[in-house]
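Participant: File follows, model-v2.pdb with PDB, C-alpha atoms:
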```pdb
ATOM      1  CA  MET A   1       6.380  -0.392  10.742
ATOM      2  CA  GLY A   2       5.430  -2.475  13.754
ATOM      3  CA  ARG A   3       4.837   0.686  15.763
ATOM      4  CA  HIS A   4       2.477   2.076  13.114
ATOM      5  CA  HIS A   5       0.634  -1.253  12.805
ATOM      6  CA  ALA A   6       0.193  -1.361  16.583
ATOM      7  CA  ARG A   7      -1.261   2.165  16.563
ATOM      8  CA  ALA A   8      -3.650   1.261  13.720
ATOM      9  CA  ALA A   9      -4.708  -1.942  15.482
ATOM     10  CA  VAL A  10      -5.553  -0.053  18.684
ATOM     11  CA  ALA A  11      -7.463   2.552  16.651
ATOM     12  CA  ALA A  12      -9.511  -0.343  15.226
ATOM     13  CA  GLY A  13     -10.383  -1.538  18.731
ATOM     14  CA  ALA A  14      -7.759  -4.229  19.241
ATOM     15  CA  THR A  15      -5.641  -4.927  22.297
ATOM     16  CA  ILE A  16      -1.973  -5.694  21.678
ATOM     17  CA  ALA A  17      -1.153  -9.084  23.226
ATOM     18  CA  ALA A  18       2.548  -9.350  22.422
ATOM     19  CA  ILE A  19       5.407  -7.708  20.568
ATOM     20  CA  VAL A  20       7.941 -10.078  18.990
ATOM     21  CA  ASP A  21      11.366  -8.840  17.903
ATOM     22  CA  LEU A  22      14.759 -10.544  17.742
ATOM     23  CA  ASP A  23      16.076  -7.433  19.494
ATOM     24  CA  ARG A  24      14.801  -7.737  23.067
ATOM     25  CA  ALA A  25      15.285  -4.010  23.732
ATOM     26  CA  ALA A  26      13.208  -3.097  20.664
ATOM     27  CA  ALA A  27      10.426  -5.505  21.663
ATOM     28  CA  THR A  28      10.382  -4.152  25.217
ATOM     29  CA  ALA A  29      10.355  -0.534  24.069
ATOM     30  CA  LEU A  30       7.333  -1.075  21.822
ATOM     31  CA  ALA A  31       5.559  -3.190  24.441
ATOM     32  CA  ARG A  32       5.815  -0.255  26.880
ATOM     33  CA  SER A  33       3.576   1.809  24.598
ATOM     34  CA  SER A  34       1.015  -1.055  24.499
ATOM     35  CA  PRO A  35      -0.234  -1.601  28.082
ATOM     36  CA  GLY A  36      -0.458  -5.276  28.983
ATOM     37  CA  ALA A  37       1.569  -6.489  25.997
ATOM     38  CA  ASP A  38       4.258  -9.134  26.483
ATOM     39  CA  SER A  39       7.633  -8.763  24.800
ATOM     40  CA  GLU A  40       9.215 -11.808  23.179
ATOM     41  CA  THR A  41      12.179 -12.609  20.965
ATOM     42  CA  ASP A  42      10.699 -15.909  19.748
ATOM     43  CA  LEU A  43       7.498 -16.147  17.697
ATOM     44  CA  ALA A  44       6.719 -19.741  18.761
ATOM     45  CA  ALA A  45       6.884 -18.729  22.428
ATOM     46  CA  ALA A  46       4.587 -15.770  21.826
ATOM     47  CA  LEU A  47       2.067 -17.918  19.955
ATOM     48  CA  GLN A  48       1.988 -20.369  22.877
ATOM     49  CA  SER A  49       1.832 -17.795  25.663
ATOM     50  CA  THR A  50      -0.860 -15.506  24.243
ATOM     51  CA  ARG A  51      -4.418 -15.938  23.036
ATOM     52  CA  ALA A  52      -4.082 -13.620  20.070
ATOM     53  CA  ASP A  53      -6.443 -13.622  17.089
ATOM     54  CA  VAL A  54      -4.378 -11.660  14.557
ATOM     55  CA  ALA A  55      -0.660 -11.328  13.827
ATOM     56  CA  HIS A  56       0.881  -8.336  12.055
ATOM     57  CA  ILE A  57       4.035  -9.418  10.203
ATOM     58  CA  CYS A  58       6.225  -6.328   9.812
ATOM     59  CA  THR A  59       9.590  -8.018   9.312
ATOM     60  CA  PRO A  60      12.094  -8.037   6.398
ATOM     61  CA  LEU A  61      10.757  -9.612   3.201
ATOM     62  CA  PRO A  62      12.867 -12.839   3.266
ATOM     63  CA  THR A  63      11.245 -13.819   6.593
ATOM     64  CA  HIS A  64       7.617 -13.438   5.512
ATOM     65  CA  ALA A  65       6.972 -16.928   4.148
ATOM     66  CA  THR A  66       8.330 -18.788   7.197
ATOM     67  CA  LEU A  67       6.634 -16.526   9.727
ATOM     68  CA  ALA A  68       3.331 -16.579   7.830
ATOM     69  CA  THR A  69       3.300 -20.385   7.802
ATOM     70  CA  SER A  70       3.905 -20.481  11.561
ATOM     71  CA  VAL A  71       1.106 -17.976  12.177
ATOM     72  CA  ALA A  72      -1.336 -19.835   9.906
ATOM     73  CA  ASP A  73      -0.581 -23.190  11.542
ATOM     74  CA  ALA A  74      -1.150 -21.597  14.960
ATOM     75  CA  GLY A  75      -4.660 -20.599  13.840
ATOM     76  CA  LEU A  76      -4.269 -16.829  13.642
ATOM     77  CA  HIS A  77      -5.286 -14.389  10.934
ATOM     78  CA  ALA A  78      -2.528 -12.155   9.568
ATOM     79  CA  LEU A  79      -1.748  -8.800   8.007
ATOM     80  CA  ILE A  80       1.591  -8.884   6.188
ATOM     81  CA  GLU A  81       3.678  -5.891   5.162
ATOM     82  CA  LYS A  82       4.165  -5.531   1.421
ATOM     83  CA  PRO A  83       5.350  -7.353  -0.570
ATOM     84  CA  THR A  84       3.586 -10.388   0.883
ATOM     85  CA  ALA A  85       6.435 -12.614  -0.310
ATOM     86  CA  SER A  86       9.451 -12.602  -2.596
ATOM     87  CA  THR A  87       7.550 -14.165  -5.523
ATOM     88  CA  ALA A  88       3.999 -14.723  -6.699
ATOM     89  CA  GLU A  89       4.366 -18.478  -6.158
ATOM     90  CA  GLU A  90       5.405 -17.886  -2.539
ATOM     91  CA  THR A  91       2.457 -15.486  -2.148
ATOM     92  CA  ARG A  92       0.092 -18.147  -3.464
ATOM     93  CA  ARG A  93       1.430 -20.713  -0.981
ATOM     94  CA  ILE A  94       0.937 -18.279   1.909
ATOM     95  CA  HIS A  95      -2.708 -17.757   0.941
ATOM     96  CA  GLU A  96      -3.191 -21.520   0.636
ATOM     97  CA  SER A  97      -1.759 -22.105   4.119
ATOM     98  CA  PHE A  98      -4.224 -19.663   5.688
ATOM     99  CA  ALA A  99      -7.134 -21.042   3.650
ATOM    100  CA  ARG A 100      -6.347 -24.568   4.894
ATOM    101  CA  ASN A 101      -6.625 -23.298   8.449
ATOM    102  CA  GLY A 102      -9.817 -21.323   7.773
ATOM    103  CA  LYS A 103      -8.122 -17.981   8.442
ATOM    104  CA  LEU A 104      -7.690 -14.704   6.554
ATOM    105  CA  VAL A 105      -4.445 -13.157   5.375
ATOM    106  CA  CYS A 106      -4.095  -9.726   3.801
ATOM    107  CA  PRO A 107      -1.192  -7.710   2.357
ATOM    108  CA  THR A 108      -0.650  -4.191   3.651
ATOM    109  CA  HIS A 109      -1.464  -2.251   0.470
ATOM    110  CA  GLN A 110      -2.570   0.786   2.487
ATOM    111  CA  TYR A 111      -2.212   3.339  -0.327
ATOM    112  CA  ALA A 112      -5.190   1.775  -2.104
ATOM    113  CA  PHE A 113      -7.309   2.584   0.976
ATOM    114  CA  GLN A 114      -6.488   6.277   1.179
ATOM    115  CA  ARG A 115      -9.313   8.786   1.046
ATOM    116  CA  SER A 116      -7.660  10.450  -1.952
ATOM    117  CA  VAL A 117      -7.841   7.182  -3.896
ATOM    118  CA  SER A 118     -11.532   6.838  -2.992
ATOM    119  CA  ASP A 119     -12.044  10.419  -4.214
ATOM    120  CA  ALA A 120     -10.320   9.555  -7.498
ATOM    121  CA  ALA A 121     -12.439   6.424  -7.932
ATOM    122  CA  ALA A 122     -15.598   8.531  -7.490
ATOM    123  CA  TRP A 123     -14.300  11.218  -9.888
ATOM    124  CA  LEU A 124     -13.195   8.948 -12.745
ATOM    125  CA  PRO A 125     -16.707   8.076 -14.058
ATOM    126  CA  ARG A 126     -17.367  11.813 -14.509
ATOM    127  CA  ALA A 127     -14.002  12.568 -16.120
ATOM    128  CA  GLY A 128     -14.653  11.194 -19.601
ATOM    129  CA  HIS A 129     -12.049   9.063 -21.320
ATOM    130  CA  LEU A 130      -8.891   8.595 -19.307
ATOM    131  CA  ARG A 131      -5.737   9.586 -21.214
ATOM    132  CA  ARG A 132      -2.869   9.221 -18.759
ATOM    133  CA  MET A 133      -2.210   8.054 -15.208
ATOM    134  CA  THR A 134       1.262   8.771 -13.881
ATOM    135  CA  PHE A 135       2.739   7.679 -10.559
ATOM    136  CA  ASP A 136       5.720   9.843  -9.640
ATOM    137  CA  ILE A 137       7.573   8.232  -6.729
ATOM    138  CA  CYS A 138      10.887   9.385  -5.256
ATOM    139  CA  SER A 139      11.961   7.386  -2.220
ATOM    140  CA  ALA A 140      14.778   7.557   0.302
ATOM    141  CA  GLY A 141      14.334   3.926   1.317
ATOM    142  CA  ALA A 142      17.660   2.386   0.189
ATOM    143  CA  VAL A 143      18.842   1.463   3.663
ATOM    144  CA  ASN A 144      19.649  -1.583   5.794
ATOM    145  CA  GLY A 145      21.854  -3.198   3.173
ATOM    146  CA  LEU A 146      19.219  -3.339   0.420
ATOM    147  CA  ASP A 147      20.277  -2.240  -3.036
ATOM    148  CA  ARG A 148      18.265   0.361  -4.902
ATOM    149  CA  ASP A 149      16.614  -2.067  -7.326
ATOM    150  CA  GLU A 150      15.426  -4.237  -4.423
ATOM    151  CA  VAL A 151      13.806  -1.226  -2.770
ATOM    152  CA  VAL A 152      12.060  -0.230  -6.017
ATOM    153  CA  ALA A 153      10.733  -3.785  -6.377
ATOM    154  CA  ASP A 154       9.426  -3.624  -2.805
ATOM    155  CA  ILE A 155       7.593  -0.331  -3.516
ATOM    156  CA  LEU A 156       5.852  -1.681  -6.646
ATOM    157  CA  PRO A 157       2.836  -3.236  -4.852
ATOM    158  CA  HIS A 158       1.647   0.243  -3.871
ATOM    159  CA  PRO A 159       1.017   1.708  -7.356
ATOM    160  CA  LEU A 160      -0.101  -1.710  -8.651
ATOM    161  CA  SER A 161      -2.733  -2.057  -5.923
ATOM    162  CA  MET A 162      -3.902   1.510  -6.579
ATOM    163  CA  VAL A 163      -4.388   0.687 -10.272
ATOM    164  CA  GLN A 164      -6.319  -2.382  -9.176
ATOM    165  CA  LYS A 165      -8.550  -0.196  -6.980
ATOM    166  CA  LEU A 166      -9.168   2.452  -9.636
ATOM    167  CA  PHE A 167      -9.704  -0.059 -12.469
ATOM    168  CA  PRO A 168     -11.380  -3.067 -10.813
ATOM    169  CA  ALA A 169     -12.191  -4.656 -14.176
ATOM    170  CA  ALA A 170      -8.603  -4.453 -15.438
ATOM    171  CA  LYS A 171      -6.373  -7.525 -15.289
ATOM    172  CA  ILE A 172      -3.095  -5.978 -14.200
ATOM    173  CA  VAL A 173      -1.161  -9.196 -14.811
ATOM    174  CA  GLY A 174      -2.132  -9.217 -18.487
ATOM    175  CA  LEU A 175      -1.218  -5.601 -19.258
ATOM    176  CA  ASP A 176       1.463  -5.071 -21.901
ATOM    177  CA  TRP A 177       4.145  -3.938 -19.466
ATOM    178  CA  SER A 178       7.469  -2.419 -20.496
ATOM    179  CA  CYS A 179      10.298  -1.181 -18.297
ATOM    180  CA  VAL A 180      13.255   1.140 -18.811
ATOM    181  CA  CYS A 181      16.026   1.194 -16.184
ATOM    182  CA  ALA A 182      18.393   4.124 -16.668
ATOM    183  CA  ALA A 183      20.439   3.223 -13.570
ATOM    184  CA  ALA A 184      20.102   1.176 -10.394
ATOM    185  CA  GLY A 185      16.906   2.250  -8.666
ATOM    186  CA  GLU A 186      15.724   4.386 -11.584
ATOM    187  CA  TRP A 187      12.786   2.657 -13.302
ATOM    188  CA  VAL A 188      10.111   3.895 -15.695
ATOM    189  CA  ILE A 189       7.326   1.350 -16.215
ATOM    190  CA  THR A 190       4.555   1.757 -18.795
ATOM    191  CA  ALA A 191       1.494  -0.084 -20.064
ATOM    192  CA  PRO A 192      -1.647   0.786 -22.036
ATOM    193  CA  ILE A 193      -4.830   0.521 -19.968
ATOM    194  CA  GLU A 194      -8.262   1.112 -21.496
ATOM    195  CA  SER A 195      -7.918   4.379 -23.481
ATOM    196  CA  ALA A 196      -4.917   5.603 -21.502
ATOM    197  CA  VAL A 197      -1.219   5.184 -20.882
ATOM    198  CA  LEU A 198      -0.179   4.066 -17.415
ATOM    199  CA  VAL A 199       3.238   5.313 -16.265
ATOM    200  CA  ILE A 200       5.010   4.347 -13.025
ATOM    201  CA  GLN A 201       8.151   6.409 -12.421
ATOM    202  CA  LEU A 202      10.269   5.177  -9.503
ATOM    203  CA  SER A 203      13.448   6.922  -8.409
ATOM    204  CA  MET A 204      15.741   6.267  -5.465
ATOM    205  CA  ARG A 205      17.854   9.368  -6.081
ATOM    206  CA  GLY A 206      15.302  11.977  -7.228
ATOM    207  CA  ARG A 207      14.499  14.670  -4.671
ATOM    208  CA  PRO A 208      12.481  15.823  -2.904
ATOM    209  CA  THR A 209      10.894  12.564  -1.790
ATOM    210  CA  ARG A 210       7.307  12.326  -3.017
ATOM    211  CA  PHE A 211       4.472  10.047  -4.042
ATOM    212  CA  MET A 212       2.214  11.852  -6.500
ATOM    213  CA  THR A 213      -0.464  10.402  -8.775
ATOM    214  CA  ARG A 214      -1.557  12.524 -11.742
ATOM    215  CA  ILE A 215      -4.648  11.569 -13.728
ATOM    216  CA  THR A 216      -5.482  13.272 -17.026
ATOM    217  CA  ALA A 217      -8.866  12.748 -18.702
ATOM    218  CA  ASP A 218     -10.970  14.479 -21.372
ATOM    219  CA  ALA A 219     -13.069  16.410 -18.849
ATOM    220  CA  GLY A 220     -10.304  17.445 -16.456
ATOM    221  CA  SER A 221      -7.394  16.332 -14.321
ATOM    222  CA  MET A 222      -6.792  15.217 -10.762
ATOM    223  CA  GLU A 223      -3.616  15.184  -8.680
ATOM    224  CA  LEU A 224      -3.207  13.006  -5.586
ATOM    225  CA  ASP A 225      -0.580  13.635  -2.920
ATOM    226  CA  ASN A 226      -0.275  10.093  -1.610
ATOM    227  CA  PHE A 227       2.285  10.816   1.097
ATOM    228  CA  HIS A 228      -0.210  13.180   2.713
ATOM    229  CA  ASP A 229      -3.488  11.757   1.336
ATOM    230  CA  PHE A 230      -5.378  14.543  -0.350
ATOM    231  CA  ALA A 231      -6.574  15.113  -3.914
ATOM    232  CA  VAL A 232      -7.245  18.191  -6.032
ATOM    233  CA  ALA A 233      -9.292  18.146  -9.259
ATOM    234  CA  TRP A 234      -9.334  20.769 -12.025
ATOM    235  CA  PRO A 235     -12.000  21.168 -14.734
ATOM    236  CA  GLY A 236     -11.057  20.674 -18.354
ATOM    237  CA  THR A 237     -12.268  24.113 -19.466
ATOM    238  CA  VAL A 238     -10.428  25.321 -22.579
ATOM    239  CA  SER A 239     -10.215  29.114 -22.912
ATOM    240  CA  ARG A 240      -7.715  31.922 -22.670
ATOM    241  CA  GLY A 241      -9.148  32.938 -19.307
ATOM    242  CA  ALA A 242      -8.939  29.406 -17.929
ATOM    243  CA  LYS A 243      -5.308  29.219 -19.034
ATOM    244  CA  ILE A 244      -4.483  32.493 -17.278
ATOM    245  CA  VAL A 245      -6.084  31.558 -13.943
ATOM    246  CA  GLN A 246      -4.909  27.944 -13.970
ATOM    247  CA  PRO A 247      -1.772  28.419 -11.792
ATOM    248  CA  PHE A 248      -3.730  30.468  -9.246
ATOM    249  CA  LEU A 249      -6.602  27.982  -9.167
ATOM    250  CA  ARG A 250      -4.198  25.079  -8.850
ATOM    251  CA  SER A 251      -2.215  26.666  -6.019
ATOM    252  CA  GLY A 252      -5.294  27.898  -4.183
ATOM    253  CA  LEU A 253      -7.137  24.580  -4.309
ATOM    254  CA  GLY A 254      -3.981  22.710  -3.364
ATOM    255  CA  LEU A 255      -3.350  24.935  -0.328
ATOM    256  CA  ALA A 256      -6.957  24.599   0.844
ATOM    257  CA  ALA A 257      -6.941  20.807   0.408
ATOM    258  CA  ALA A 258      -3.593  20.435   2.206
ATOM    259  CA  GLY A 259      -4.759  22.552   5.157
ATOM    260  CA  TRP A 260      -8.067  20.740   5.537
ATOM    261  CA  ASN A 261      -6.307  17.375   5.240
ATOM    262  CA  LEU A 262      -3.771  18.266   7.941
ATOM    263  CA  ALA A 263      -6.533  19.253  10.360
ATOM    264  CA  ALA A 264      -8.553  16.104   9.611
ATOM    265  CA  ARG A 265      -5.555  13.800  10.078
ATOM    266  CA  ALA A 266      -4.696  15.519  13.364
ATOM    267  CA  ALA A 267      -8.259  14.938  14.566
ATOM    268  CA  ARG A 268      -7.955  11.244  13.631
ATOM    269  CA  ARG A 269      -4.461  11.070  15.218
ATOM    270  CA  GLU A 270      -3.209   9.682  11.941
ATOM    271  CA  VAL A 271       0.436  10.690  12.252
ATOM    272  CA  ALA A 272       1.808   8.621   9.342
ATOM    273  CA  TYR A 273       0.934   6.082   6.649
ATOM    274  CA  PRO A 274      -2.551   7.327   5.719
ATOM    275  CA  GLY A 275      -4.780   4.478   4.617
ATOM    276  CA  LEU A 276      -3.288   2.036   7.130
ATOM    277  CA  GLN A 277      -5.982   2.630   9.782
ATOM    278  CA  THR A 278      -8.713   2.147   7.187
ATOM    279  CA  LEU A 279      -7.197  -1.082   5.863
ATOM    280  CA  VAL A 280      -6.622  -2.508   9.346
ATOM    281  CA  GLY A 281     -10.165  -1.588  10.405
ATOM    282  CA  LYS A 282     -11.683  -3.283   7.355
ATOM    283  CA  PHE A 283      -9.545  -6.381   7.885
ATOM    284  CA  TYR A 284     -10.590  -6.652  11.528
ATOM    285  CA  GLY A 285     -14.199  -6.274  10.443
ATOM    286  CA  ALA A 286     -13.784  -9.286   8.144
ATOM    287  CA  VAL A 287     -12.091 -11.256  10.947
ATOM    288  CA  GLU A 288     -14.937 -10.507  13.365
ATOM    289  CA  SER A 289     -17.671 -11.388  10.850
ATOM    290  CA  PRO A 290     -16.332 -14.338   8.823
ATOM    291  CA  GLY A 291     -18.401 -15.132   5.773
ATOM    292  CA  SER A 292     -20.592 -12.031   6.010
ATOM    293  CA  VAL A 293     -17.891  -9.342   5.588
ATOM    294  CA  SER A 294     -15.446  -9.694   2.709
ATOM    295  CA  PRO A 295     -11.744  -9.097   3.341
ATOM    296  CA  PRO A 296     -10.527  -5.713   2.064
ATOM    297  CA  ILE A 297      -8.137  -7.453  -0.343
ATOM    298  CA  THR A 298      -9.078 -10.855  -1.712
ATOM    299  CA  PRO A 299      -6.519 -13.626  -2.282
ATOM    300  CA  GLU A 300      -7.055 -13.222  -6.033
ATOM    301  CA  GLN A 301      -6.236  -9.501  -5.863
ATOM    302  CA  SER A 302      -3.196 -10.118  -3.670
ATOM    303  CA  ILE A 303      -1.811 -12.783  -5.994
ATOM    304  CA  ALA A 304      -2.494 -10.637  -9.080
ATOM    305  CA  VAL A 305      -0.362  -7.812  -7.640
ATOM    306  CA  ALA A 306       2.400 -10.315  -6.870
ATOM    307  CA  GLU A 307       2.242 -11.735 -10.414
ATOM    308  CA  ALA A 308       2.367  -8.263 -12.002
ATOM    309  CA  ARG A 309       5.317  -7.404  -9.757
ATOM    310  CA  ASP A 310       7.134 -10.568 -10.859
ATOM    311  CA  ARG A 311       6.622  -9.647 -14.510
ATOM    312  CA  ILE A 312       7.930  -6.113 -14.060
ATOM    313  CA  VAL A 313      10.935  -7.236 -11.990
ATOM    314  CA  ALA A 314      11.811  -9.733 -14.732
ATOM    315  CA  LEU A 315      11.583  -6.977 -17.346
ATOM    316  CA  ALA A 316      13.788  -4.719 -15.215
ATOM    317  CA  SER A 317      16.436  -7.396 -14.820
ATOM    318  CA  ASN A 318      16.677  -7.683 -18.623
ATOM    319  CA  ALA A 319      16.537  -3.938 -19.308
TER     320      ALA A 319
END
```
If you convert what's in this file into structure tokens, what do you get?
Facilitator:
Amino acid sequence: MGRHHARAAVAAGATIAAIVDLDRAAATALARSSPGADSETDLAAALQSTRADVAHICTPLPTHATLATSVADAGLHALIEKPTASTAEETRRIHESFARNGKLVCPTHQYAFQRSVSDAAAWLPRAGHLRRMTFDICSAGAVNGLDRDEVVADILPHPLSMVQKLFPAAKIVGLDWSCVCAAAGEWVITAPIESAVLVIQLSMRGRPTRFMTRITADAGSMELDNFHDFAVAWPGTVSRGAKIVQPFLRSGLGLAAAGWNLAARAARREVAYPGLQTLVGKFYGAVESPGSVSPPITPEQSIAVAEARDRIVALASNA
């Protein structure tokens, strides 16, 4: 992820000052693609030798709290890969450490900043009553010694932050969550939200890999392809003719949206992780204009996602 963060930072106008990795060869390799960047194996040395303004923490989850404290005490702002920390309490302490030093910290919930999610947010007020929102996620991320349930727990901030974006008035911590775990890494999470049912389906074995969001409302439906960042909406017309043409309309609109999206992403040089460039750009804007530009994710929103994640993980452990 460090490579993708570095690319997004440069796209936002930043200069990479240093790459820090315990593996010297990995640090050097990434530094080569960032002209002028130092390569270090020790964070403290990098913080002393550079005049950086922002740190991107893209390390394994158990290291986040310690590294974030060091960065905050050194007087830098920080973007931290999701989840921000192992627990909501740890997340709260990280935010407090940056606040004490007058700096900003933001989790990398990039899915909430995709164009498709913005399209859905604009479409929802016209869609009538929402009836169902389903996240269908199949991942191949069970690597590097992590078990499947740990990987699922690490993915959770993405759909939770998207719900937060699409329903800004909803308190995701207070939703009546339930969780069914059929096997390790196979979770189905549900909760009522407004007039709808929210469903988060997470699978570590289901194939092909995908991240789809399907929204059903009285006036129509919308499907988001979150791996590729495009959305397709269908009207809620009820007739025999509409039923007949539905598969053709769906396929045709989907093909057109996918083609246009591919061309647009190529023009932006957005090779992976759509939404990351937007989030990084907004965060840098807040860093450059403290007090006048709000951070893209507030501490309250970040902590709420962490608290909801804690609740769901606890439910899963007892399922």
Participant: Quick one: apply the PyMOL selection byres ((chain A and resi 41) around 8) to the file and drop the selected residues here as a list of chain:residue names.
Facilitator: A:Val20, A:Asp21, A:Leu22, A:Asp23, A:Arg24, A:Ala27, A:Ser39, A:Glu40, A:Asp42, A:Leu43
Participant: Measuring atom to atom with only C-alpha atoms, identify which of A:Val105, A:Leu79, A:Ala74, A:Leu175 is nearest to Thr59 (chain A).
Facilitator: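 Closest residue, counting only C-alpha atoms: A:Leu79.
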Participant: Any chance you could work out the residue set of the PyMOL selection byres ((chain A and resi 217-222) around 10) here, as a PyMOL selection string?
Facilitator: chain A and resi 119-120+123-124+126-133+195-196+213-216+223-224+231-238
Participant: Given the point (5.6, -6.3, 1.9) in the file's coordinates, find the residues that have an atom at most 12 Å from it, counting all atoms listed in the file, and give them as an MDAnalysis selection string.
Facilitator: chainID A and resid 1 56:65 79:87 91 106:110 150:158 302 305:306 309
Participant: Name the residues that the PyMOL selection byres ((chain A and resi 314) around 12) pulls out of this structure, and write them as a list of chain:residue names.
Facilitator: A:Thr87, A:Asp149, A:Ala153, A:Trp177, A:Ser178, A:Cys179, A:Val180, A:Cys181, A:Glu307, A:Ala308, A:Arg309, A:Asp310, A:Arg311, A:Ile312, A:Val313, A:Leu315, A:Ala316, A:Ser317, A:Asn318, A:Ala319
Participant: Would you mind listing what lies within 10 Å of Met162 (chain A) as a list in words, with all atoms listed in the file counted and same-chain residues fewer than 2 positions away left out?
Facilitator: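 Selected residues are His109, Gln110, Tyr111, Ala112, Phe113, Gln114, Val117, Ser118, Ala121, Phe135, Pro157, His158, Pro159, Leu160, Gln164, Lys165, Leu166, Phe167, Pro168 and Thr213 of chain A.
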Participant: For Asp38 (chain A), which residue among A:Ser294, A:Ser139, A:Thr15, A:Ser116 is the nearest when counting all atoms listed in the file?
Facilitator: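 Among A:Ser294, A:Ser139, A:Thr15, A:Ser116, it is A:Thr15 that comes nearest to Asp38 (chain A).
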Participant: Compare A:Arg32, A:Arg148, A:Arg100, A:Arg240 by their minimum atom-to-atom distance to Ala184 (chain A), counting all atoms listed in the file, and give me the closest one.
Facilitator: A:Arg148
Participant: Rank nothing, just name the residue among A:Ala88, A:Met204, A:Ile137, A:Leu279 nearest to Ala304 (chain A), using all atoms listed in the file.
Facilitator: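 Between A:Ala88, A:Met204, A:Ile137, A:Leu279, the residue approaching Ala304 (chain A) most closely is A:Ala88.
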Participant: Mind giving me the straight-line distance from CA of Ile16 (chain A) to CA of Ala37 (chain A) in Å, one decimal?
Facilitator: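 Straight-line distance from CA of Ile16 (chain A) to CA of Ala37 (chain A) works out to 5.6 Å.
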Participant: Step by step, gather every atom of region 52-67 of chain A that the file lists, find the box along x, y and z that holds them, add 5 Å on each side, and finally give centre and edge lengths in Å to one decimal, as AutoDock Vina command-line options.
Facilitator:
```
--center_x 3.2 --center_y -12.6 --center_z 11.6 --size_x 29.3 --size_y 22.5 --size_z 26.9
```
Participant: Provide the CA of Ala52 (chain A) to CA of Ala29 (chain A) distance in Å, to one decimal place.
Facilitator: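 A separation of 19.9 Å between them.
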Participant: Start from the incomplete input, build N, CA and C atoms for region 120-133 of chain A, and deliver everything as a CSV table (one decimal), in the frame of the given file.
Facilitator:
```
chain,number,residue,atom,x,y,z
A,120,ALA,N,-10.6,9.7,-6.1
A,120,ALA,CA,-10.3,9.6,-7.5
A,120,ALA,C,-11.2,8.5,-8.1
A,121,ALA,N,-11.5,7.5,-7.4
A,121,ALA,CA,-12.4,6.4,-7.9
A,121,ALA,C,-13.8,7.0,-8.2
A,122,ALA,N,-14.3,7.9,-7.3
A,122,ALA,CA,-15.6,8.5,-7.5
A,122,ALA,C,-15.6,9.5,-8.6
A,123,TRP,N,-14.4,10.2,-8.9
A,123,TRP,CA,-14.3,11.2,-9.9
A,123,TRP,C,-14.2,10.6,-11.3
A,124,LEU,N,-13.5,9.5,-11.4
A,124,LEU,CA,-13.2,8.9,-12.7
A,124,LEU,C,-14.4,8.8,-13.6
A,125,PRO,N,-15.6,8.2,-13.2
A,125,PRO,CA,-16.7,8.1,-14.1
A,125,PRO,C,-17.2,9.4,-14.6
A,126,ARG,N,-16.9,10.5,-14.0
A,126,ARG,CA,-17.4,11.8,-14.5
A,126,ARG,C,-16.3,12.5,-15.4
A,127,ALA,N,-15.1,11.9,-15.5
A,127,ALA,CA,-14.0,12.6,-16.1
A,127,ALA,C,-13.9,12.3,-17.6
A,128,GLY,N,-14.8,11.5,-18.2
A,128,GLY,CA,-14.7,11.2,-19.6
A,128,GLY,C,-13.6,10.1,-19.8
A,129,HIS,N,-13.1,10.1,-21.0
A,129,HIS,CA,-12.0,9.1,-21.3
A,129,HIS,C,-10.7,9.4,-20.6
A,130,LEU,N,-10.2,8.4,-19.9
A,130,LEU,CA,-8.9,8.6,-19.3
A,130,LEU,C,-7.8,8.6,-20.4
A,131,ARG,N,-6.8,9.5,-20.2
A,131,ARG,CA,-5.7,9.6,-21.2
A,131,ARG,C,-4.4,9.2,-20.6
A,132,ARG,N,-4.2,9.5,-19.4
A,132,ARG,CA,-2.9,9.2,-18.8
A,132,ARG,C,-3.0,9.1,-17.2
A,133,MET,N,-2.3,8.1,-16.7
A,133,MET,CA,-2.2,8.1,-15.2
A,133,MET,C,-0.7,7.8,-14.9
```
